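Have a look at entry.txt below; it lists compact mmCIF, C-alpha atoms and all ligand atoms.
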# COMPACT_ATOMS: atom_id res chain seq x y z
CA MET O 1 0.00 0.00 0.00
CA ASN O 2 1.22 3.50 -0.80
CA ASN O 3 2.33 5.18 2.44
CA PRO O 4 1.17 8.81 2.27
CA TYR O 5 3.73 9.80 4.92
CA GLU O 6 6.55 9.03 2.47
CA ASP O 7 5.55 12.08 0.51
CA ASP O 8 7.94 15.10 0.49
CA LYS O 9 5.09 17.52 1.04
CA LEU O 10 4.25 15.74 4.30
CA LEU O 11 7.90 15.75 5.33
CA GLY O 12 7.96 19.55 5.00
CA GLU O 13 4.63 19.77 6.84
CA TYR O 14 5.95 17.71 9.76
CA LEU O 15 9.33 19.48 9.93
CA LEU O 16 7.39 22.73 10.18
CA PHE O 17 4.98 21.25 12.76
CA HIS O 18 7.81 19.94 14.96
CA TYR O 19 10.49 22.61 14.52
CA GLY O 20 9.01 25.64 12.76
CA PRO O 21 8.89 29.05 14.41
CA ASP O 22 5.40 29.86 15.74
CA ILE O 23 5.05 32.72 13.24
CA ASP O 24 5.43 30.29 10.30
CA VAL O 25 3.12 27.62 11.74
CA MET O 26 0.36 30.14 12.57
CA PRO O 27 1.08 33.56 11.04
CA TRP O 28 -2.28 35.06 12.19
CA ASP O 29 -2.32 36.53 15.68
CA PHE O 30 -6.10 35.95 15.83
CA GLY O 31 -5.56 32.25 15.02
CA PRO O 32 -5.37 29.45 17.60
CA GLN O 33 -2.01 30.21 19.20
CA ASN O 34 -2.84 27.61 21.88
CA GLY O 35 -2.30 24.91 19.23
CA LEU O 36 1.41 25.69 18.80
CA GLN O 37 4.36 23.62 20.08
CA PHE O 38 2.35 20.39 20.29
CA PRO O 39 5.34 17.96 20.19
CA ARG O 40 6.82 19.73 23.21
CA ARG O 41 3.50 20.06 25.08
CA THR O 42 2.57 16.35 24.93
CA ILE O 43 5.63 15.78 27.11
CA GLU O 44 5.66 18.94 29.21
CA GLU O 45 1.95 18.96 30.05
CA LEU O 46 1.58 15.22 30.68
CA VAL O 47 4.78 13.86 32.22
CA ASP O 48 5.12 13.22 35.95
CA HIS O 49 8.74 14.18 36.62
CA ALA O 50 8.62 12.85 40.18
CA LYS O 51 8.03 9.29 38.95
CA LEU O 52 10.92 9.23 36.47
CA PRO O 53 14.00 7.38 37.73
CA GLU O 54 17.35 9.15 37.21
CA ASP O 55 18.54 6.76 34.51
CA SER O 56 15.19 6.55 32.75
CA CYS O 57 14.63 5.25 29.25
CA ALA O 58 11.78 6.32 26.97
CA LEU O 59 10.08 5.07 23.84
CA ASP O 60 8.52 7.59 21.44
CA MET O 61 6.24 5.51 19.24
CA GLY O 62 5.15 7.15 15.98
CA CYS O 63 7.85 9.79 16.52
CA ALA O 64 7.64 11.18 12.94
CA VAL O 65 10.56 13.64 12.51
CA GLY O 66 11.56 13.39 16.17
CA GLY O 67 10.41 16.63 17.84
CA SER O 68 9.07 14.89 20.96
CA SER O 69 12.01 12.45 21.06
CA PHE O 70 14.51 15.32 21.36
CA GLU O 71 12.24 16.88 23.99
CA LEU O 72 12.31 13.58 25.92
CA SER O 73 16.13 13.62 25.80
CA LYS O 74 15.96 16.56 28.24
CA ILE O 75 14.42 14.36 30.95
CA CYS O 76 15.42 10.78 30.04
CA GLN O 77 18.86 9.24 29.71
CA ARG O 78 17.98 7.12 26.67
CA VAL O 79 15.25 7.67 24.07
CA LEU O 80 14.21 5.40 21.24
CA GLY O 81 12.04 6.97 18.53
CA ILE O 82 10.23 4.55 16.22
CA ASP O 83 8.19 5.40 13.14
CA TYR O 84 6.85 3.47 10.17
CA SER O 85 8.00 6.12 7.71
CA LYS O 86 11.57 5.77 6.47
CA SER O 87 11.68 9.35 5.22
CA PHE O 88 10.62 10.68 8.66
CA ILE O 89 13.24 8.50 10.40
CA ASP O 90 15.91 9.57 7.86
CA ALA O 91 15.05 13.22 8.62
CA ALA O 92 15.16 12.60 12.40
CA ASN O 93 18.58 10.91 12.06
CA SER O 94 19.87 13.69 9.85
CA LEU O 95 18.78 16.25 12.47
CA LYS O 96 20.45 14.20 15.19
CA ASN O 97 23.73 14.04 13.24
CA ARG O 98 23.84 17.55 11.76
CA GLY O 99 21.72 19.59 14.18
CA SER O 100 19.70 21.24 11.41
CA MET O 101 17.91 20.48 8.16
CA ALA O 102 16.45 22.64 5.37
CA TYR O 103 12.84 22.17 4.35
CA ARG O 104 10.12 23.92 2.38
CA PHE O 105 6.62 24.76 3.50
CA PRO O 106 3.62 25.82 1.41
CA VAL O 107 2.71 29.46 0.85
CA GLU O 108 0.03 29.12 -1.83
CA GLY O 109 -0.59 27.48 -5.21
CA GLY O 110 2.68 25.57 -5.59
CA HIS O 111 4.82 28.33 -4.06
CA TYR O 112 6.93 27.44 -1.05
CA ALA O 113 8.95 29.26 1.60
CA ASP O 114 12.27 27.98 2.94
CA GLY O 115 12.72 26.91 6.53
CA VAL O 116 15.54 25.42 8.56
CA ALA O 117 14.66 22.92 11.29
CA GLN O 118 16.99 23.09 14.28
CA ILE O 119 17.07 20.79 17.26
CA ASP O 120 17.58 21.75 20.88
CA PRO O 121 18.24 18.33 22.43
CA GLY O 122 18.91 17.48 26.05
CA PRO O 123 21.81 15.39 27.37
CA GLY O 124 20.04 12.02 26.84
CA GLU O 125 21.06 9.65 24.04
CA VAL O 126 18.49 9.50 21.19
CA GLU O 127 18.15 6.75 18.61
CA PHE O 128 15.70 6.41 15.76
CA GLU O 129 14.48 3.26 14.03
CA VAL O 130 11.95 2.39 11.37
CA GLY O 131 9.36 0.07 12.91
CA ASP O 132 5.71 -0.91 12.96
CA ALA O 133 3.72 -0.19 16.13
CA CYS O 134 1.42 -3.08 15.21
CA ASP O 135 4.25 -5.57 14.78
CA LEU O 136 7.00 -4.66 17.26
CA PRO O 137 9.85 -7.09 17.92
CA GLN O 138 9.25 -9.17 21.06
CA ASN O 139 12.74 -8.25 22.36
CA LEU O 140 12.19 -4.47 22.25
CA GLY O 141 12.38 -4.35 26.06
CA SER O 142 10.43 -2.17 28.47
CA PHE O 143 10.61 1.54 29.23
CA ASP O 144 10.07 3.95 32.13
CA LEU O 145 8.09 6.17 29.80
CA VAL O 146 6.21 5.43 26.58
CA HIS O 147 4.93 8.36 24.53
CA ALA O 148 2.54 7.92 21.61
CA ALA O 149 1.09 11.16 20.25
CA ASN O 150 -1.52 11.22 17.52
CA LEU O 151 -0.67 7.67 16.60
CA ILE O 152 -3.46 5.26 17.43
CA CYS O 153 -5.94 6.61 14.86
CA ARG O 154 -3.26 6.23 12.17
CA LEU O 155 -2.83 2.49 12.80
CA PRO O 156 -4.59 -0.23 10.77
CA ASP O 157 -5.29 -2.15 13.98
CA PRO O 158 -4.83 0.00 17.13
CA LEU O 159 -5.58 -2.99 19.39
CA LEU O 160 -2.36 -4.68 18.28
CA PHE O 161 -0.41 -1.72 19.69
CA LEU O 162 -2.58 -1.19 22.77
CA ASP O 163 -2.25 -4.89 23.68
CA ARG O 164 1.56 -4.54 23.66
CA LEU O 165 1.58 -1.58 26.06
CA PRO O 166 1.62 -3.50 29.39
CA GLY O 167 4.82 -5.21 28.17
CA LEU O 168 6.39 -1.97 26.91
CA VAL O 169 5.84 0.15 30.04
CA LYS O 170 7.71 -0.98 33.17
CA GLU O 171 5.71 -1.45 36.35
CA GLY O 172 5.59 2.02 37.95
CA GLY O 173 6.33 3.54 34.54
CA GLN O 174 4.17 6.03 32.67
CA LEU O 175 2.33 6.03 29.39
CA LEU O 176 1.70 9.40 27.73
CA LEU O 177 -0.99 8.93 25.12
CA ALA O 178 -2.47 11.70 22.99
CA THR O 179 -5.08 11.15 20.33
CA PRO O 180 -7.76 13.20 18.57
CA PHE O 181 -9.56 9.95 17.57
CA THR O 182 -9.64 11.10 13.93
CA TRP O 183 -10.80 7.79 12.52
CA LEU O 184 -10.38 7.51 8.74
CA GLU O 185 -10.90 4.44 6.54
CA GLU O 186 -7.69 5.26 4.64
CA PHE O 187 -5.68 4.49 7.79
CA THR O 188 -7.93 2.27 9.96
CA PRO O 189 -10.71 0.02 8.62
CA SER O 190 -13.90 1.09 10.41
CA LYS O 191 -14.27 -2.34 12.04
CA ASN O 192 -11.09 -1.49 14.02
CA TRP O 193 -12.15 1.98 15.22
CA LEU O 194 -12.23 2.03 19.05
CA GLY O 195 -15.68 2.13 20.67
CA SER O 196 -18.81 3.07 18.81
CA GLY O 197 -18.80 6.81 19.11
CA ASP O 198 -17.05 6.82 22.51
CA SER O 199 -13.41 5.97 21.87
CA GLU O 200 -12.31 7.51 25.18
CA GLN O 201 -14.49 5.09 27.17
CA LYS O 202 -13.21 2.14 25.13
CA LEU O 203 -9.61 3.23 25.69
CA LYS O 204 -10.26 3.30 29.45
CA GLU O 205 -11.74 -0.22 29.33
CA LEU O 206 -8.76 -1.53 27.39
CA LEU O 207 -6.06 0.04 29.55
CA SER O 208 -7.65 -0.22 33.02
CA PRO O 209 -6.59 -3.82 33.78
CA ASN O 210 -2.93 -2.68 33.76
CA PHE O 211 -2.94 1.10 34.08
CA ILE O 212 -4.42 3.83 36.28
CA LEU O 213 -5.45 7.08 34.60
CA GLU O 214 -3.58 9.86 36.39
CA GLU O 215 -3.99 12.87 34.10
CA ARG O 216 -6.42 13.90 31.36
CA LYS O 217 -6.05 17.11 29.35
CA ASP O 218 -7.33 18.50 26.08
CA LEU O 219 -4.33 19.37 23.93
CA PRO O 220 -5.11 21.56 20.92
CA PHE O 221 -2.78 21.48 17.94
CA VAL O 222 -2.53 23.32 14.66
CA ILE O 223 -1.02 22.06 11.41
CA ARG O 224 -0.43 24.50 8.56
CA GLU O 225 -1.68 23.49 5.10
CA HIS O 226 -0.82 26.83 3.48
CA ARG O 227 -0.63 30.50 4.42
CA ARG O 228 -4.41 30.77 4.66
CA LYS O 229 -5.46 27.23 5.58
CA PHE O 230 -4.83 25.23 8.75
CA GLN O 231 -6.01 22.09 10.49
CA PHE O 232 -7.09 22.73 14.08
CA SER O 233 -7.67 19.61 16.20
CA VAL O 234 -7.92 18.76 19.86
CA SER O 235 -6.03 15.72 21.00
CA LEU O 236 -7.08 13.96 24.18
CA GLY O 237 -3.90 13.85 26.26
CA THR O 238 -3.69 11.24 29.02
CA ARG O 239 -1.08 9.93 31.43
CA TRP O 240 -1.38 6.38 32.70
CA LEU O 241 0.60 4.72 35.47
CA ARG O 242 1.35 1.03 34.94
CA VAL O 243 0.29 -0.78 38.10
CA HIS O 244 -0.10 -4.48 37.09
C1 LIG K 301 -0.26 12.00 12.93
S1 LIG K 301 1.43 11.57 12.94
C2 LIG K 301 1.95 11.99 14.57
C3 LIG K 301 3.43 12.17 14.68
C4 LIG K 301 3.97 12.71 16.00
N1 LIG K 301 3.84 11.77 17.09
C5 LIG K 301 3.32 14.00 16.35
O1 LIG K 301 2.65 14.07 17.41
O2 LIG K 301 3.47 14.96 15.59
C6 LIG K 301 1.36 9.82 12.95
C7 LIG K 301 2.72 9.16 12.85
O3 LIG K 301 2.58 7.76 13.01
C8 LIG K 301 3.39 7.12 12.07
N2 LIG K 301 2.84 5.78 11.85
C9 LIG K 301 1.77 5.43 11.10
N3 LIG K 301 1.57 4.11 11.15
C10 LIG K 301 2.55 3.61 11.96
C11 LIG K 301 2.89 2.30 12.40
N4 LIG K 301 2.20 1.23 12.04
N5 LIG K 301 3.95 2.15 13.22
C12 LIG K 301 4.69 3.22 13.63
N6 LIG K 301 4.41 4.49 13.22
C13 LIG K 301 3.35 4.67 12.41
C14 LIG K 301 3.36 8.01 10.85
O4 LIG K 301 4.45 7.75 9.99
C15 LIG K 301 3.41 9.37 11.51
O5 LIG K 301 4.72 9.79 11.74
Before we go any further, please render this structure as C-alpha cells.
Amino acid sequence: MNNPYEDDKLLGEYLLFHYGPDIDVMPWDFGPQNGLQFPRRTIEELVDHAKLPEDSCALDMGCAVGGSSFELSKICQRVLGIDYSKSFIDAANSLKNRGSMAYRFPVEGGHYADGVAQIDPGPGEVEFEVGDACDLPQNLGSFDLVHAANLICRLPDPLLFLDRLPGLVKEGGQLLLATPFTWLEEFTPSKNWLGSGDSEQKLKELLSPNFILEERKDLPFVIREHRRKFQFSVSLGTRWLRVH
C-alpha cells in the first residue's frame, strides 16, 4: 500500500509542525495560538517528573521527525524513537547528526517558503528506528516512559499496539498517550475503530486492567496546510501509570 507519509510535502509539513517558528506555523495573531508547540507540550503537560528514575529510558512511538524524542532527551537518559515512515526517520537521524535540516513549506498554489529545522536536544542519548507499532519485535524491552502522540488513529489495527503496552511500560512507569480519535478508513478500517462513538471510554476499558489514569487534558494542535489554511484539532492527552 502506498504510504502517504513518504511524501515530500508531508515531510515539509511535519518538519514545520515539529520545529518551525510559531510565526510560520500560525502567522495570524487571531488564530489558535494555543495549538502551537504540540510535540513539546505532549511531554511537558503530561509527564510526571517525580516518577521518572534518574537513569530513565523512553520510547517515542510514531515519533515522525523526532520533535518529541529530542524533547524527551531533556528528561530521560535514553530515548528510542520509532516510526513506520523511512523518510521521517531519515530526517530525524539527519537532524540528530547535523543539528539542522532545510525544508520547504507551502505558501500558496505551488509556491513554497524555505525553513531550517533546528534541534535543541537534552543530554540524553536519542536513537531512531523504522518500525511498525502493530508488529513490534518481542525483544524491544520495556521503558520507564512510553509516549505515543496522535498515533493510534493512524494504525490499521490499534488494538495490536494497545495490547503490547503492558509489556512496553515498566511497572511504575508512565504512558503518555495523545489522540484526537480522527478515525479515517484510509488508515484504519472502520471495524477497528475504538468504541462506537465513545473511543475515550473504550480506551479506558482496554487500559484499566494494567494502568491507572492519572492525568487527562485536552491538547489543541494546529497544522499549517498553506498561508491561509490550517487544520485545528484537539487531542485527548492522558497519562497512565502502569500498576499491574
Ligand atoms: C499524525 S502523525 C503523529 C506524529 C507525532 N507523534 C506528532 O505528534 O506529531 C502519525 C505518525 O505515526 C506514524 N505511523 C503510522 N503508522 C505507523 C505504524 N504502524 N507504526 C509506527 N508508526 C506509524 C506516521 O508515519 C506518523 O509519523
If the limit is 6 Å from any atom of ligand LIG 301 (chain K), counting all atoms listed in the file, which residues qualify? Return them as a PDB file with C-alpha atoms, in the coordinates of the input.
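Contents of the output file out.pdb:
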ATOM      1  CA  TYR O   5       3.730   9.800   4.920  1.00  0.00           C
ATOM      2  CA  PRO O  39       5.340  17.960  20.190  1.00  0.00           C
ATOM      3  CA  GLY O  62       5.150   7.150  15.980  1.00  0.00           C
ATOM      4  CA  CYS O  63       7.850   9.790  16.520  1.00  0.00           C
ATOM      5  CA  ALA O  64       7.640  11.180  12.940  1.00  0.00           C
ATOM      6  CA  ASP O  83       8.190   5.400  13.140  1.00  0.00           C
ATOM      7  CA  TYR O  84       6.850   3.470  10.170  1.00  0.00           C
ATOM      8  CA  SER O  85       8.000   6.120   7.710  1.00  0.00           C
ATOM      9  CA  GLY O 131       9.360   0.070  12.910  1.00  0.00           C
ATOM     10  CA  ASP O 132       5.710  -0.910  12.960  1.00  0.00           C
ATOM     11  CA  ALA O 133       3.720  -0.190  16.130  1.00  0.00           C
ATOM     12  CA  CYS O 134       1.420  -3.080  15.210  1.00  0.00           C
ATOM     13  CA  ALA O 149       1.090  11.160  20.250  1.00  0.00           C
ATOM     14  CA  ASN O 150      -1.520  11.220  17.520  1.00  0.00           C
ATOM     15  CA  LEU O 151      -0.670   7.670  16.600  1.00  0.00           C
ATOM     16  CA  ARG O 154      -3.260   6.230  12.170  1.00  0.00           C
ATOM     17  CA  LEU O 155      -2.830   2.490  12.800  1.00  0.00           C
TER      18      LEU O 155
END
| message | Just the number, please: distance in Å from atom CA of Val234 of chain O to atom CA of Ser199 of chain O, one decimal. | response | 14.1 Å
| said: Measuring between only C-alpha atoms, which one of O:Phe30, O:Phe221, O:Trp240, O:Phe187 shows the shortest distance to Ile152 of chain O? | reply: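 Ranked by minimum distance to Ile152 of chain O, first place goes to O:Phe187.
The point (9.8, 30.8, 15.2) has these residues within 12 Å of it when all atoms listed in the file are used: O:Leu16, O:Phe17, O:His18, O:Tyr19, O:Gly20, O:Pro21, O:Asp22, O:Ile23, O:Asp24, O:Val25, O:Met26, O:Pro27, O:Leu36, O:Gln37, O:Gly115, O:Val116, O:Ala117, O:Gln118.
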| What gap, in Å, lies between atom CA of Met61 of chain O and atom CA of Ser196 of chain O? |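 Separating atom CA of Met61 of chain O from atom CA of Ser196 of chain O is a distance of 25.2 Å.
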| Which is closer to Pro123 of chain O than all the others in O:Leu176, O:Lys170, O:Asp55, O:Met101, using all atoms listed in the file? | O:Asp55
| request: Using only C-alpha atoms, collect all residues at a distance of at most 12 Å from (19.8, 11.5, 23.5) as written in the file, then present them as JSON, numbers by chain. | output: {"O": [56, 57, 58, 59, 66, 68, 69, 70, 71, 72, 73, 74, 75, 76, 77, 78, 79, 80, 81, 93, 96, 97, 119, 120, 121, 122, 123, 124, 125, 126, 127, 128]}
For C-alpha atoms, I'd like the residues from the last selection saved as a PDB file, in the coordinates of the input.
ATOM      1  CA  SER O  56      15.190   6.550  32.750  1.00  0.00           C
ATOM      2  CA  CYS O  57      14.630   5.250  29.250  1.00  0.00           C
ATOM      3  CA  ALA O  58      11.780   6.320  26.970  1.00  0.00           C
ATOM      4  CA  LEU O  59      10.080   5.070  23.840  1.00  0.00           C
ATOM      5  CA  GLY O  66      11.560  13.390  16.170  1.00  0.00           C
ATOM      6  CA  SER O  68       9.070  14.890  20.960  1.00  0.00           C
ATOM      7  CA  SER O  69      12.010  12.450  21.060  1.00  0.00           C
ATOM      8  CA  PHE O  70      14.510  15.320  21.360  1.00  0.00           C
ATOM      9  CA  GLU O  71      12.240  16.880  23.990  1.00  0.00           C
ATOM     10  CA  LEU O  72      12.310  13.580  25.920  1.00  0.00           C
ATOM     11  CA  SER O  73      16.130  13.620  25.800  1.00  0.00           C
ATOM     12  CA  LYS O  74      15.960  16.560  28.240  1.00  0.00           C
ATOM     13  CA  ILE O  75      14.420  14.360  30.950  1.00  0.00           C
ATOM     14  CA  CYS O  76      15.420  10.780  30.040  1.00  0.00           C
ATOM     15  CA  GLN O  77      18.860   9.240  29.710  1.00  0.00           C
ATOM     16  CA  ARG O  78      17.980   7.120  26.670  1.00  0.00           C
ATOM     17  CA  VAL O  79      15.250   7.670  24.070  1.00  0.00           C
ATOM     18  CA  LEU O  80      14.210   5.400  21.240  1.00  0.00           C
ATOM     19  CA  GLY O  81      12.040   6.970  18.530  1.00  0.00           C
ATOM     20  CA  ASN O  93      18.580  10.910  12.060  1.00  0.00           C
ATOM     21  CA  LYS O  96      20.450  14.200  15.190  1.00  0.00           C
ATOM     22  CA  ASN O  97      23.730  14.040  13.240  1.00  0.00           C
ATOM     23  CA  ILE O 119      17.070  20.790  17.260  1.00  0.00           C
ATOM     24  CA  ASP O 120      17.580  21.750  20.880  1.00  0.00           C
ATOM     25  CA  PRO O 121      18.240  18.330  22.430  1.00  0.00           C
ATOM     26  CA  GLY O 122      18.910  17.480  26.050  1.00  0.00           C
ATOM     27  CA  PRO O 123      21.810  15.390  27.370  1.00  0.00           C
ATOM     28  CA  GLY O 124      20.040  12.020  26.840  1.00  0.00           C
ATOM     29  CA  GLU O 125      21.060   9.650  24.040  1.00  0.00           C
ATOM     30  CA  VAL O 126      18.490   9.500  21.190  1.00  0.00           C
ATOM     31  CA  GLU O 127      18.150   6.750  18.610  1.00  0.00           C
ATOM     32  CA  PHE O 128      15.700   6.410  15.760  1.00  0.00           C
TER      33      PHE O 128
END
| said: Calculated over all atoms listed in the file, which of the candidates O:Arg216, O:Asp114, O:Gly167, O:Pro156 has the smallest distance to Asn139 of chain O? | reply: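 Comparing O:Arg216, O:Asp114, O:Gly167, O:Pro156 against Asn139 of chain O, the winner is O:Gly167.
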| Residue nearest Asp8 of chain O among O:Asn192, O:Lys229, O:Tyr103, O:Pro137 (counting only C-alpha atoms) | O:Tyr103
| said: My list of candidates is O:Pro32, O:Gly173, O:Gly195, O:Gly12. Which is closest to Phe105 of chain O when distances are computed with all atoms listed in the file? | reply: O:Gly12
| Neighbours of Thr179 of chain O within 6 Å (only C-alpha atoms; same-chain residues fewer than 2 positions away dropped), as a PyMOL selection string? | chain O and resi 150+181+235-236
| message | I need the residue nearest Glu185 of chain O from this list: O:Cys153, O:Ile43, O:Val107, O:Leu219. Use all atoms listed in the file for the distance. | response |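 Closest to Glu185 of chain O, using all atoms listed in the file: O:Cys153.
Between atom CA of Leu207 of chain O and atom CA of Ala148 of chain O lies a distance of 14.1 Å.
Taking all atoms listed in the file, the non-local environment of Val169 of chain O within 10 Å (same-chain residues fewer than 2 positions away omitted) comprises O:Ala58, O:Leu59, O:Gly141, O:Ser142, O:Phe143, O:Asp144, O:Leu145, O:Val146, O:His147, O:Arg164, O:Leu165, O:Pro166, O:Gly167, O:Glu171, O:Gly172, O:Gly173, O:Gln174, O:Leu175, O:Asn210, O:Phe211, O:Trp240, O:Leu241, O:Arg242, O:Val243.
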